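S.K.: Sending over a structure as structure tokens; questions will come in a sec.
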Amino acid sequence: MIFGIDEAGRGPLAGPVCIGLVALDPENSIEGLKDSKKLTEKKRNELSAEIKAKSLYSDTLFIERDIIDEINIKQATIKGMEEILSRIPPTLSPKKILIDGNEKINTTFNYQSIVNGDQTEPSIMAAAILAKVARDERMLEIDKEYPMYGFKNHKGYGSKEHQKTIEIYGPCEH
């Protein structure tokens, strides 16, 4: 069983980083997988539901902004990857973990980091889609708490709208 792992939220100014982990079922293909950044929000949401329904295993994990602020985004991402891998049930035995990027992590699993793996490896694409959809949903919840920041529009990425609201209101807790 091959697992793919990727994150969403490494570049924004606000919100958590979300790690996605997926083991696709080779007997149950999912059409339309590609780099999550090249999909519409509607297509990502559709694929996320299909990935959850058809995969042998899927999981997402958030590392919140207080941890990111404490240890930095790179270390928070690595922490999240190590933590989500530790949640794989012992009944599953990953043959290999494919990780998007060039991270070195502390795990007993056999893994390979692949730069731009979210463009070439279906399991990484699926993990990225799950992570992006879960993080976007979290940012919609944060938007309800802080509607003046417009998180529903930019999801915490440093858009002009977001930068302007920070100038007006200052940074919020997220």
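Identifiers in this document derive from the order of the structure tokens: chains are assigned A, B, ..., residues are numbered from 1 separately in each chain, and ligands are numbered from 1 in order of occurrence.
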Near range 16-19 of chain A, counting only C-alpha atoms, which residues have an atom at most 6 Å away, once you skip same-chain residues fewer than 6 positions from it, shown as an NGL selection string?
M.R.: :A and (6-10 or 60-65 or 131 or 135)
S.K.: Restricting the output to C-alpha atoms, write the selected residues as a PDB file, in the first residue's frame.
M.R.:
```
ATOM      1  CA  ASP A   6       0.980  16.779   1.282  1.00  0.00           C
ATOM      2  CA  GLU A   7       0.028  19.984   3.033  1.00  0.00           C
ATOM      3  CA  ALA A   8      -2.067  23.069   2.436  1.00  0.00           C
ATOM      4  CA  GLY A   9      -1.499  26.361   4.156  1.00  0.00           C
ATOM      5  CA  ARG A  10       2.239  26.718   4.194  1.00  0.00           C
ATOM      6  CA  THR A  60      -6.212  15.124   7.639  1.00  0.00           C
ATOM      7  CA  LEU A  61      -4.517  16.864  10.536  1.00  0.00           C
ATOM      8  CA  PHE A  62      -4.217  20.534  11.480  1.00  0.00           C
ATOM      9  CA  ILE A  63      -1.240  22.206  13.067  1.00  0.00           C
ATOM     10  CA  GLU A  64      -2.593  25.412  14.538  1.00  0.00           C
ATOM     11  CA  ARG A  65      -1.069  28.861  14.257  1.00  0.00           C
ATOM     12  CA  ALA A 131      -5.717  19.068   2.822  1.00  0.00           C
ATOM     13  CA  ARG A 135      -8.166  23.952   5.335  1.00  0.00           C
TER      14      ARG A 135
END
```
S.K.: Looking only at the backbone, which of the residues in range 67-159 of chain A does DSSP tag as strand (DSSP E), as a ChimeraX atom specification?
M.R.: /A:96-100,111-114
S.K.: Keeping only C-alpha atoms, write the selected residues to a file as a tab-separated table (two decimals), in the first residue's frame.
M.R.:
```
chain	number	residue	atom	x	y	z
A	96	LYS	CA	6.03	3.40	0.92
A	97	ILE	CA	5.11	6.97	1.84
A	98	LEU	CA	5.42	9.54	-0.95
A	99	ILE	CA	5.86	13.09	0.33
A	100	ASP	CA	5.49	16.22	-1.74
A	111	TYR	CA	9.42	7.22	2.50
A	112	GLN	CA	10.50	9.23	-0.50
A	113	SER	CA	10.30	13.00	-0.83
A	114	ILE	CA	9.43	14.11	-4.37
```
S.K.: Go through A:Leu92, A:Val115, A:Leu13, A:Leu130 one by one, measure the shortest atom-to-atom distance of each to Ser58 in chain A using only C-alpha atoms, and give the residue with the smallest value.
M.R.: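 Of A:Leu92, A:Val115, A:Leu13, A:Leu130, the one nearest Ser58 in chain A, counting only C-alpha atoms, is A:Leu130.
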S.K.: In terms of the shortest atom-to-atom distance over only C-alpha atoms, which of A:Tyr149, A:Gly11, A:Glu103, A:Pro89 is closest to Ile68 in chain A?
M.R.: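 Looking only at the distances to Ile68 in chain A, the closest residue turns out to be A:Gly11.
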S.K.: Using only C-alpha atoms, can you tell me which of A:Ala126, A:Ile166, A:Ile71, A:Ile5 comes closest to Gly150 in chain A?
M.R.: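 Checking each candidate against Gly150 in chain A, we get A:Ile166 as the closest.
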S.K.: Could you check the closest approach to Ile105 in chain A for each of A:Ile124, A:Glu83, A:Asn45, A:Gly156 and tell me which residue wins, using only C-alpha atoms?
M.R.: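 The closest residue to Ile105 in chain A is A:Glu83.
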S.K.: Any idea what's packed within 12 Å of Tyr57 in chain A, counting only C-alpha atoms, ignoring anything in its chain fewer than 6 positions away? Could you give it as a ChimeraX atom specification?
M.R.: /A:1-5,20-25,51,84-85,87-89,91-94,123,126-127,130
